[in-house]
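Peer 1: Attaching a single structure in structure tokens format; questions to follow.
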Amino acid sequence: MKYSWQREGLTADQQAELVLNEMTQEEKFAWLSAPMAIPLGDEPLPEGAIGSAAYYPAIPRLGIPSIQQSDASLGVTALGNVRPGDNATSLASSLSLAASFNPQLAELTGKMVGSEAFAKGFNVQLAGGANLVREPRGGRNFEYLSEDPLLTGIMAGHSVRGIQSQHVVSTVKHFAVNAQETGRVVVSSDIDEPALRESDLLAFEIAIALGQPGSVMPGYNLLNGEWVSENDFLLNKVLKGDWKYPGWVMSDWGATHSAEKAALAGLDVQSGSNLDEKVWFDAPLKQAVAEGKVPQSRIDDMVKRILRSLFAVGAIAHPATPKGDIDYTAHRLIAQREAEQGIVLLKNDRAMLPLKRGAKKLLVVGAHADRGVLAGGGSSAVTPVGSLRLPGIDFMGIETQKVYQPSSPLWAIRAESTAAEVVYASGEDIDEAVALARDAEAVVLFVEEWRSEALDAQGLALSSEQNQLVAAIAAENSQTVVVLETGGPVTMPWLDSVPAVLEAWYPGSGGGEAIAGVLFGRVNPSGHLPVTFPADESQLPQPKQVDPETTTSLPGSPVKGGIIHVDYNVEGSDVGYRWYSRTDQKPLFPFGFGLSYTSFDHEDLHVEQHGDEITARVTVTNTGNRAGAEVVQLYVQREPGQSEEGHFAPRLAAFARVELAAGESQQVTLILEPRVIASWNSVNAEWVIAKGDYQLRAAKHAEDQGIEATTTLEERRFGYGL
């Protein structure tokens with residue numbers, strides 16, 4: 001045994017304490033702030049850094065490795081080509097993952113990301129996007145999971161668990177209510193505590209309990225007028241107090257605004273300090289300690305939290321070193337399977353899909369389908385070798401390209417279809433595409449919507465050129481399938497004129513093969529929408545958007561326009577489908593919606609109570625002629641007038657994905673999440689389930705009538721640690 005922390009039987013807390021006691025003050029402060037480990041301009045790469053989001057130096061005399069941090073949830077990135085020639089596997093967007101409603105898949109894909117990070121020498125992965133999709137036009141929604149706190153929390157928690165199984169710390173982010181990208185560094189998300197606890201915070205609470213992430217990253221935004229990186233209520237009261245979170249809180253890059261206030265409010269590390277006004281957690285924080293404004297015990301607490309998290313996942317006992325032994329072929333297949341489960345069949349009139357194999361001629365149009373599949377922009381953009389890179393946006397002084405990952409739908413369709421001829425048209429010349437569509441047996445038309453960090457989509461519409469292209473080709477060929485590659489919901493003015501629509505999201509390294517598999521029936525689609533698709537923007541609780549020309553969206557940029565207050569009390573905790581129920585609006589496609597090539601029946605819904613646990617059982621039968629997967633969604637609601645709060649919108653209280661052969665039946669057991677049923681009482685700081693009758697509905701989506709059962713609940717009050 002060389003180091004004290006190597007003694008047998010020590011807990012992560014004990015190991016961290018031993019190391020902390022041997023560290024010097026300078027060694028401690030070296031871990032409290034760092035610049036981005038991607039050179040900007042003439043800045044050199046920090047000595048010892050691999051080249052990534054951040055680097056903190058090793059302490060060799062104590063056996064402590066350096067901290068090497070990489071983005072993000074969808075794979076290991078190399079922003080700004082900081083590691084030339086680097087290859088990595090890209091998962092499908094987080095929306096696609098959530099569309100699978102498959103927590104085991106979230107854990108498997110997380111494990112894949114963690115293993116690649118570890119093999120490249122990283123021991124912290126800046127993953128775990130768990131913001132609710134409050135703003136469907138949000139530029140970063142493709143990094144997040146859903147509009148529902150239960151689905152988001154469960155999927156994020158399992159993803160984090162997978163990453164950390166590989167001796168790599170994962171974050172969850174961006175804590176909290178970081179709902180928009182335009183103006184993100186000056187936007188204050190204003191919302192009352194009960195609504196906050198019942199929505200955005202509940203998603204994080206569930207994710208943290210399940211995944212036990214080593215670190216939590218606040219966003220750039222303000223919450224109720226206070227920067228989230230120095231928000232005492234959010235960091236000290238809720239996260240470290242109520243939830244007893246033992247890990248460390250790292251700021252987002254360039255999102256620290258003070259030394260004393262931030263440290264005392266619960267921020268442990270200033271990330272990307274070269275993007276901030278000052279390196280707050282170096283000289284200014286040292287001065288605050290010297291003057292007694294920040295106690296030394298707080299500095300020790302910061303460092304111990306970091307050490308504890310590293311020990312807890314084995315990142316110190318099993319230090320990551322760049323090895324390069326990554327099975328990219330196996331990982332690409334994992335990414336493909338994820339995309340296959342996340343693709344959502346939105347429309348399939350006259351059972352047009354799956355397409356028949358062996359056609360004489362098929363036409364594929366649009367979205368660079370001859371080269372690859374679209375990826376979202378910003379710090380999460382994975383660029384596998386062979387990607388098509390087009391001009392994108394300037395991001396924090398780094399050129400962020402618009403990337404098409406090398407999984408060509410055209411070539412996958414050629415392989416899957418066994419057609420005699422598969423022709424491609426870019427779609428830039430509408431007349432050419434229409435002429436080619438004339439004698440094709442079917443047209444697969446790809447349309448895209450690119451989103452990126454730091455800029456929200458300006459509206460929900462596709463480009464007018466793409467809408468015109470769809471209308472023109474659909475008028476020429478009645479066998480037109482539209483495949484959407486989008487970062488969130490879009491409007492579809494041409495929907496009535498096409499027989500089939502697939503939402504493929506940003507489908508990742510195996511996206512082309514996944515799309516082709518669904519189109520030709522090798523894969524039975526089983527994805528269900530994790531977000532509502534509005535009919536138009538007038539249906540949104542916040543229909544008006546911030547003009548990007550009037551505000552600031554990037555850290556380190558001159559601030560213009562002042563603080564923007566967004567009143568999220570308009571919808572409160574009724575995010576997404578709950579808002580549509582509360583306002584009696586019909587969206588284009590509801591949350592949870594998704595078609596299949598087979599059919600399913602639900603019957604015999606029974607509800608039981610055993611102590612505080614509420615269990616529902618429902619029998620699901622595959623009534624079609626082929627195997628498939630069904631997602632049973634259990635919603636709880638109360639009749640108008642039964643709730644003291646007025647409208648009690650339907651809430652997803654449990655879900656389960658079940659694979660069934662043709663004709664097979666299975667009884668599915670669902671345990672309801674009590675915090676979904678409850679309301680938050682701020683006066684007593686507790687959850688309260690009100691006494692009364694509750695309707696439970698086993699359904700196929702949020703608007704489906706499904707089958708119902710009623711149960712009567714007694715009043716129940718509880719805090720944290722159920």
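Ligands are numbered from 1 in the order shown, residues from 1 within each chain, and chains are lettered A, B, ... in the order they appear in the structure tokens.
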Between stretch 313-417 of chain A and stretch 445-469 of chain A, at 6 Å or less, what are the per-residue closest atom pairs and their distances in Å? Count only C-alpha atoms, order by chain and rising residue number, and return it as CSV.

Peer 2:
```
residue,atom,partner,partner_atom,distance
A:Val364,CA,A:Leu445,CA,5.9
A:Val365,CA,A:Leu445,CA,4.8
A:Gly366,CA,A:Phe446,CA,5.0
A:Ala367,CA,A:Phe446,CA,5.6
A:Gly376,CA,A:Arg451,CA,5.5
A:Gly377,CA,A:Ser452,CA,4.0
A:Gly378,CA,A:Glu453,CA,4.8
```

Peer 1: Based on the backbone DSSP call, show me all residues of stretch 111-222 of chain A assigned helix (DSSP H, G or I), as a VMD selection string.

Peer 2: chain A and resid 111 to 119 141 to 143 149 to 164 193 to 198 200 to 211

Peer 1: Excluding A:Tyr404 and its own-chain neighbours fewer than 5 positions away, which residues fall within 6 Å of it when counting only C-alpha atoms? Please give them as a PDB file with all heavy atoms, in the first residue's frame.

Peer 2:
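Here's the written file out_15.pdb:
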```
ATOM      1  N   GLY A 372     -24.890  11.601 -44.983  1.00  0.00           N
ATOM      2  CA  GLY A 372     -25.019  11.252 -43.575  1.00  0.00           C
ATOM      3  C   GLY A 372     -26.301  11.778 -42.964  1.00  0.00           C
ATOM      4  O   GLY A 372     -27.254  12.119 -43.672  1.00  0.00           O
ATOM      5  N   VAL A 373     -26.296  11.854 -41.632  1.00  0.00           N
ATOM      6  CA  VAL A 373     -27.464  12.331 -40.888  1.00  0.00           C
ATOM      7  C   VAL A 373     -27.061  13.538 -40.047  1.00  0.00           C
ATOM      8  O   VAL A 373     -25.938  13.638 -39.558  1.00  0.00           O
ATOM      9  CB  VAL A 373     -28.047  11.221 -39.977  1.00  0.00           C
ATOM     10  CG1 VAL A 373     -28.714  10.149 -40.813  1.00  0.00           C
ATOM     11  CG2 VAL A 373     -26.980  10.612 -39.068  1.00  0.00           C
ATOM     12  N   LEU A 374     -27.996  14.439 -39.864  1.00  0.00           N
ATOM     13  CA  LEU A 374     -27.739  15.711 -39.202  1.00  0.00           C
ATOM     14  C   LEU A 374     -27.504  15.520 -37.706  1.00  0.00           C
ATOM     15  O   LEU A 374     -28.126  14.679 -37.063  1.00  0.00           O
ATOM     16  CB  LEU A 374     -28.932  16.642 -39.431  1.00  0.00           C
ATOM     17  CG  LEU A 374     -28.818  18.084 -38.923  1.00  0.00           C
ATOM     18  CD1 LEU A 374     -27.657  18.813 -39.591  1.00  0.00           C
ATOM     19  CD2 LEU A 374     -30.132  18.818 -39.170  1.00  0.00           C
ATOM     20  N   ALA A 375     -26.603  16.339 -37.152  1.00  0.00           N
ATOM     21  CA  ALA A 375     -26.358  16.395 -35.710  1.00  0.00           C
ATOM     22  C   ALA A 375     -26.610  17.805 -35.216  1.00  0.00           C
ATOM     23  O   ALA A 375     -26.492  18.777 -35.966  1.00  0.00           O
ATOM     24  CB  ALA A 375     -24.919  15.983 -35.396  1.00  0.00           C
ATOM     25  N   SER A 387     -17.230  12.687 -41.176  1.00  0.00           N
ATOM     26  CA  SER A 387     -18.394  13.573 -41.132  1.00  0.00           C
ATOM     27  C   SER A 387     -18.293  14.653 -42.198  1.00  0.00           C
ATOM     28  O   SER A 387     -17.204  15.127 -42.536  1.00  0.00           O
ATOM     29  CB  SER A 387     -18.506  14.246 -39.751  1.00  0.00           C
ATOM     30  OG  SER A 387     -18.775  13.305 -38.731  1.00  0.00           O
ATOM     31  N   LEU A 388     -19.457  15.049 -42.710  1.00  0.00           N
ATOM     32  CA  LEU A 388     -19.546  16.213 -43.585  1.00  0.00           C
ATOM     33  C   LEU A 388     -19.671  17.437 -42.701  1.00  0.00           C
ATOM     34  O   LEU A 388     -20.559  17.514 -41.846  1.00  0.00           O
ATOM     35  CB  LEU A 388     -20.763  16.090 -44.504  1.00  0.00           C
ATOM     36  CG  LEU A 388     -21.117  17.310 -45.365  1.00  0.00           C
ATOM     37  CD1 LEU A 388     -20.004  17.604 -46.368  1.00  0.00           C
ATOM     38  CD2 LEU A 388     -22.451  17.091 -46.080  1.00  0.00           C
TER      39      LEU A 388
END
```

Peer 1: Quick one: everything within 12 Å of stretch 590-593 of chain A, counting only C-alpha atoms, minus sequence neighbours fewer than 5 positions away in the same chain. Send it as a ChimeraX atom specification.

Peer 2: /A:98-101,133,146-148,151,342-347,489,503,525-535,575-581,585,630-635,650-652,655-657,698-704

Peer 1: Please produce, as a Markdown table, a per-residue contact table for stretch 6-64 of chain A versus stretch 73-85 of chain A (criterion: any atom at most 8 Å away, only C-alpha atoms considered), showing the nearest atom pair and its distance in Å to one decimal, sorted by chain then residue number.

Peer 2:
```
| residue | atom | partner | partner_atom | distance |
| --- | --- | --- | --- | --- |
| A:Ile38 | CA | A:Val82 | CA | 6.3 |
| A:Pro39 | CA | A:Val82 | CA | 7.9 |
| A:Ile50 | CA | A:Arg83 | CA | 7.8 |
| A:Gly51 | CA | A:Val82 | CA | 5.7 |
| A:Ser52 | CA | A:Ala78 | CA | 6.5 |
```

Peer 1: Can I get the selected residues back with N, CA, C and O atoms, as a PDB file, in the first residue's frame?

Peer 2:
```pdb
ATOM      1  N   ILE A  38      -9.396  24.128 -24.254  1.00  0.00           N
ATOM      2  CA  ILE A  38      -9.411  24.245 -25.712  1.00  0.00           C
ATOM      3  C   ILE A  38      -8.850  25.628 -26.013  1.00  0.00           C
ATOM      4  O   ILE A  38      -9.457  26.632 -25.630  1.00  0.00           O
ATOM      5  N   PRO A  39      -7.699  25.721 -26.639  1.00  0.00           N
ATOM      6  CA  PRO A  39      -7.073  27.033 -26.834  1.00  0.00           C
ATOM      7  C   PRO A  39      -7.972  27.998 -27.614  1.00  0.00           C
ATOM      8  O   PRO A  39      -8.567  27.637 -28.631  1.00  0.00           O
ATOM      9  N   ILE A  50      -5.376  16.853 -22.236  1.00  0.00           N
ATOM     10  CA  ILE A  50      -5.596  16.106 -23.475  1.00  0.00           C
ATOM     11  C   ILE A  50      -6.107  17.038 -24.560  1.00  0.00           C
ATOM     12  O   ILE A  50      -5.827  16.871 -25.745  1.00  0.00           O
ATOM     13  N   GLY A  51      -6.863  18.033 -24.128  1.00  0.00           N
ATOM     14  CA  GLY A  51      -7.556  18.928 -25.060  1.00  0.00           C
ATOM     15  C   GLY A  51      -9.038  18.626 -24.999  1.00  0.00           C
ATOM     16  O   GLY A  51      -9.513  17.685 -25.630  1.00  0.00           O
ATOM     17  N   SER A  52      -9.753  19.421 -24.211  1.00  0.00           N
ATOM     18  CA  SER A  52     -11.176  19.134 -23.974  1.00  0.00           C
ATOM     19  C   SER A  52     -11.777  20.303 -23.219  1.00  0.00           C
ATOM     20  O   SER A  52     -11.196  21.387 -23.159  1.00  0.00           O
TER      21      SER A  52
END
```

Peer 1: Could you pull out the residues in stretch 488-691 of chain A that DSSP calls strand (DSSP E) from the backbone, as a ChimeraX atom specification?

Peer 2: /A:500-503,564-567,600-610,613-622,628-637,651-660,665-671,679-681,686-689

Peer 1: Using only C-alpha atoms, pick whichever of A:Ser199, A:Ser94, A:Gln166, A:Gln542 has the shortest atom-to-atom distance to A:Leu150.

Peer 2: A:Ser199

Peer 1: Would you mind listing what lies within 10 Å of stretch 12-15 of chain A as number ranges by chain, with only C-alpha atoms counted and same-chain residues fewer than 2 positions away left out?

Peer 2: A: 4-7, 9-10, 17-20, 246, 304-305, 307-314

Peer 1: Neighbours of stretch 326-337 of chain A within 9 Å (only C-alpha atoms; same-chain residues fewer than 5 positions away dropped), as a list in words?

Peer 2: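 After dropping sequence-adjacent residues, the list is Asn87, Ala88, Thr89, Ser90, Leu91, Ala92, Leu105, Leu108, Thr109, Met112, Val113, Ser115, Glu116, Ala119, Lys120, Gly342, Pro507, Gly508, Ser509, Gly510, Gly511, Gly512, Glu513 and Ala514 of chain A.
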
Peer 1: Could you write those residues out with all heavy atoms, as a compact mmCIF listing (two decimals), in the first residue's frame?

Peer 2:
```txt
# COMPACT_ATOMS: atom_id res chain seq x y z
N ASN A 87 -11.73 10.15 -33.32
CA ASN A 87 -12.98 9.51 -33.73
C ASN A 87 -13.83 9.28 -32.48
O ASN A 87 -13.30 9.19 -31.36
CB ASN A 87 -12.70 8.18 -34.42
CG ASN A 87 -13.92 7.62 -35.13
OD1 ASN A 87 -14.86 8.36 -35.43
ND2 ASN A 87 -13.93 6.34 -35.41
N ALA A 88 -15.12 9.20 -32.64
CA ALA A 88 -16.02 8.93 -31.52
C ALA A 88 -17.36 8.47 -32.07
O ALA A 88 -17.73 8.79 -33.20
CB ALA A 88 -16.21 10.18 -30.66
N THR A 89 -18.07 7.73 -31.25
CA THR A 89 -19.41 7.27 -31.62
C THR A 89 -20.43 8.28 -31.13
O THR A 89 -20.37 8.72 -29.98
CB THR A 89 -19.72 5.91 -30.98
OG1 THR A 89 -18.68 4.98 -31.32
CG2 THR A 89 -21.06 5.38 -31.45
N SER A 90 -21.35 8.64 -32.00
CA SER A 90 -22.41 9.58 -31.62
C SER A 90 -23.71 8.84 -31.38
O SER A 90 -24.20 8.10 -32.24
CB SER A 90 -22.63 10.62 -32.71
OG SER A 90 -23.72 11.46 -32.36
N LEU A 91 -24.27 9.04 -30.20
CA LEU A 91 -25.61 8.55 -29.95
C LEU A 91 -26.63 9.42 -30.68
O LEU A 91 -26.34 10.54 -31.10
CB LEU A 91 -25.91 8.59 -28.45
CG LEU A 91 -25.08 7.66 -27.57
CD1 LEU A 91 -25.42 7.90 -26.10
CD2 LEU A 91 -25.30 6.20 -27.94
N ALA A 92 -27.82 8.88 -30.84
CA ALA A 92 -28.93 9.71 -31.30
C ALA A 92 -29.22 10.77 -30.25
O ALA A 92 -28.79 10.67 -29.10
CB ALA A 92 -30.16 8.83 -31.54
N LEU A 105 -32.06 0.89 -22.02
CA LEU A 105 -31.32 1.41 -23.17
C LEU A 105 -30.53 2.65 -22.76
O LEU A 105 -29.40 2.86 -23.22
CB LEU A 105 -32.29 1.74 -24.30
CG LEU A 105 -31.66 2.25 -25.60
CD1 LEU A 105 -30.79 1.18 -26.25
CD2 LEU A 105 -32.75 2.71 -26.58
N LEU A 108 -27.45 1.39 -21.08
CA LEU A 108 -26.54 0.78 -22.04
C LEU A 108 -25.80 1.84 -22.85
O LEU A 108 -24.57 1.77 -23.03
CB LEU A 108 -27.31 -0.15 -22.98
CG LEU A 108 -26.50 -0.78 -24.12
CD1 LEU A 108 -25.43 -1.72 -23.57
CD2 LEU A 108 -27.43 -1.52 -25.08
N THR A 109 -26.52 2.83 -23.34
CA THR A 109 -25.88 3.88 -24.14
C THR A 109 -24.97 4.75 -23.26
O THR A 109 -23.92 5.21 -23.71
CB THR A 109 -26.92 4.74 -24.87
OG1 THR A 109 -27.87 5.25 -23.92
CG2 THR A 109 -27.65 3.93 -25.92
N MET A 112 -21.77 2.96 -22.93
CA MET A 112 -20.96 3.11 -24.14
C MET A 112 -20.20 4.43 -24.13
O MET A 112 -18.99 4.48 -24.40
CB MET A 112 -21.86 3.01 -25.38
CG MET A 112 -21.10 2.99 -26.71
SD MET A 112 -20.64 4.63 -27.32
CE MET A 112 -22.24 5.23 -27.86
N VAL A 113 -20.90 5.52 -23.80
CA VAL A 113 -20.24 6.83 -23.74
C VAL A 113 -19.14 6.82 -22.69
O VAL A 113 -18.02 7.30 -22.92
CB VAL A 113 -21.26 7.94 -23.46
CG1 VAL A 113 -20.55 9.27 -23.18
CG2 VAL A 113 -22.23 8.10 -24.63
N SER A 115 -17.42 4.32 -21.56
CA SER A 115 -16.28 3.49 -21.95
C SER A 115 -15.39 4.21 -22.96
O SER A 115 -14.16 4.10 -22.90
CB SER A 115 -16.76 2.15 -22.52
OG SER A 115 -17.39 2.32 -23.78
N GLU A 116 -15.99 4.96 -23.90
CA GLU A 116 -15.17 5.72 -24.85
C GLU A 116 -14.44 6.86 -24.14
O GLU A 116 -13.26 7.13 -24.43
CB GLU A 116 -16.03 6.25 -26.00
CG GLU A 116 -16.49 5.16 -26.95
CD GLU A 116 -16.91 5.69 -28.32
OE1 GLU A 116 -16.74 6.90 -28.60
OE2 GLU A 116 -17.41 4.87 -29.13
N ALA A 119 -11.51 5.33 -22.27
CA ALA A 119 -10.45 4.89 -23.18
C ALA A 119 -9.68 6.06 -23.77
O ALA A 119 -8.53 5.90 -24.20
CB ALA A 119 -11.04 4.02 -24.29
N LYS A 120 -10.30 7.23 -23.81
CA LYS A 120 -9.62 8.42 -24.35
C LYS A 120 -8.88 9.21 -23.26
O LYS A 120 -8.24 10.20 -23.56
CB LYS A 120 -10.65 9.33 -25.04
CG LYS A 120 -11.23 8.74 -26.33
CD LYS A 120 -12.35 9.63 -26.86
CE LYS A 120 -12.97 9.04 -28.12
NZ LYS A 120 -12.05 9.06 -29.27
N GLY A 342 -35.96 4.82 -31.02
CA GLY A 342 -36.41 6.19 -30.81
C GLY A 342 -37.16 6.80 -31.98
O GLY A 342 -37.81 7.84 -31.83
N PRO A 507 -30.30 11.21 -35.56
CA PRO A 507 -30.26 9.78 -35.23
C PRO A 507 -28.88 9.18 -34.98
O PRO A 507 -28.78 7.98 -34.71
CB PRO A 507 -30.92 9.13 -36.44
CG PRO A 507 -30.61 10.06 -37.57
CD PRO A 507 -30.57 11.43 -36.99
N GLY A 508 -27.80 9.96 -35.06
CA GLY A 508 -26.51 9.48 -34.61
C GLY A 508 -25.77 8.57 -35.56
O GLY A 508 -26.10 8.45 -36.75
N SER A 509 -24.73 7.91 -35.03
CA SER A 509 -23.78 7.15 -35.85
C SER A 509 -24.38 5.98 -36.61
O SER A 509 -23.81 5.53 -37.59
CB SER A 509 -22.62 6.65 -34.98
OG SER A 509 -21.75 7.70 -34.64
N GLY A 510 -25.49 5.47 -36.15
CA GLY A 510 -26.16 4.39 -36.88
C GLY A 510 -27.49 4.83 -37.44
O GLY A 510 -28.36 4.01 -37.75
N GLY A 511 -27.65 6.16 -37.64
CA GLY A 511 -28.95 6.71 -38.01
C GLY A 511 -29.46 6.29 -39.36
O GLY A 511 -30.65 5.99 -39.53
N GLY A 512 -28.59 6.27 -40.37
CA GLY A 512 -29.03 5.89 -41.71
C GLY A 512 -29.56 4.48 -41.74
O GLY A 512 -30.63 4.20 -42.32
N GLU A 513 -28.85 3.55 -41.09
CA GLU A 513 -29.28 2.16 -41.05
C GLU A 513 -30.57 2.00 -40.25
O GLU A 513 -31.43 1.18 -40.60
CB GLU A 513 -28.17 1.30 -40.45
CG GLU A 513 -26.93 1.17 -41.33
CD GLU A 513 -26.02 2.38 -41.31
OE1 GLU A 513 -26.23 3.29 -40.48
OE2 GLU A 513 -25.08 2.44 -42.14
N ALA A 514 -30.71 2.78 -39.18
CA ALA A 514 -31.92 2.72 -38.37
C ALA A 514 -33.14 3.18 -39.17
O ALA A 514 -34.21 2.55 -39.14
CB ALA A 514 -31.76 3.57 -37.12
```

Peer 1: In Å, how far is it from atom CA of A:Asp370 to atom CA of A:Ala425?

Peer 2: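 A separation of 8.8 Å between them.
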
Peer 1: Take atom CA of A:Gln666 and atom CA of A:Arg626 and report the distance between them in Å, one decimal.

Peer 2: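 Those two atoms sit 15.6 Å apart.
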
Peer 1: Restricting the calculation to only C-alpha atoms: of A:Phe118, A:Phe718, A:Trp31, A:Tyr220, which residue gets closest to A:Ser66?

Peer 2: A:Trp31

Peer 1: Between A:Glu135, A:Glu664, A:Glu198, A:Glu708, single out the one closest to A:Val618, counting only C-alpha atoms.

Peer 2: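 Under the stated criterion, the closest residue is A:Glu708.
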
Peer 1: Taking only C-alpha atoms into account, name the residue in A:Thr615, A:Ser215, A:Asn569, A:Ser538 that is nearest to A:Pro194.

Peer 2: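 With only C-alpha atoms as the atom set, the closest residue is A:Asn569.
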
Peer 1: Using only C-alpha atoms, determine which residues lie at most 7 Å from A:Ser417, disregarding the query and same-chain residues fewer than 5 positions distant; provide the list as a VMD selection string.

Peer 2: chain A and resid 357 to 358 520

Peer 1: May I have the selected residues written with N, CA, C and O atoms, as a short mmCIF file (atom, residue, chain, number, x, y, z; two decimals), in the first residue's frame?

Peer 2:
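So out08.cif came out as:
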```cif
data_model
loop_
_atom_site.label_atom_id
_atom_site.label_comp_id
_atom_site.auth_asym_id
_atom_site.auth_seq_id
_atom_site.Cartn_x
_atom_site.Cartn_y
_atom_site.Cartn_z
N ARG A 357 -39.83 -4.42 -50.52
CA ARG A 357 -38.49 -4.59 -51.08
C ARG A 357 -38.57 -4.96 -52.55
O ARG A 357 -39.59 -5.45 -53.02
N GLY A 358 -37.47 -4.73 -53.26
CA GLY A 358 -37.38 -5.17 -54.66
C GLY A 358 -38.03 -4.25 -55.65
O GLY A 358 -38.36 -4.66 -56.77
N PHE A 520 -38.28 -0.22 -44.25
CA PHE A 520 -38.52 -1.47 -44.97
C PHE A 520 -38.91 -2.64 -44.05
O PHE A 520 -38.99 -3.78 -44.51
#
```

Peer 1: Which of these, A:Asn622, A:Ser189, A:Thr171, A:Asn178, has the shortest distance to A:Met250 once you count only C-alpha atoms?

Peer 2: A:Thr171
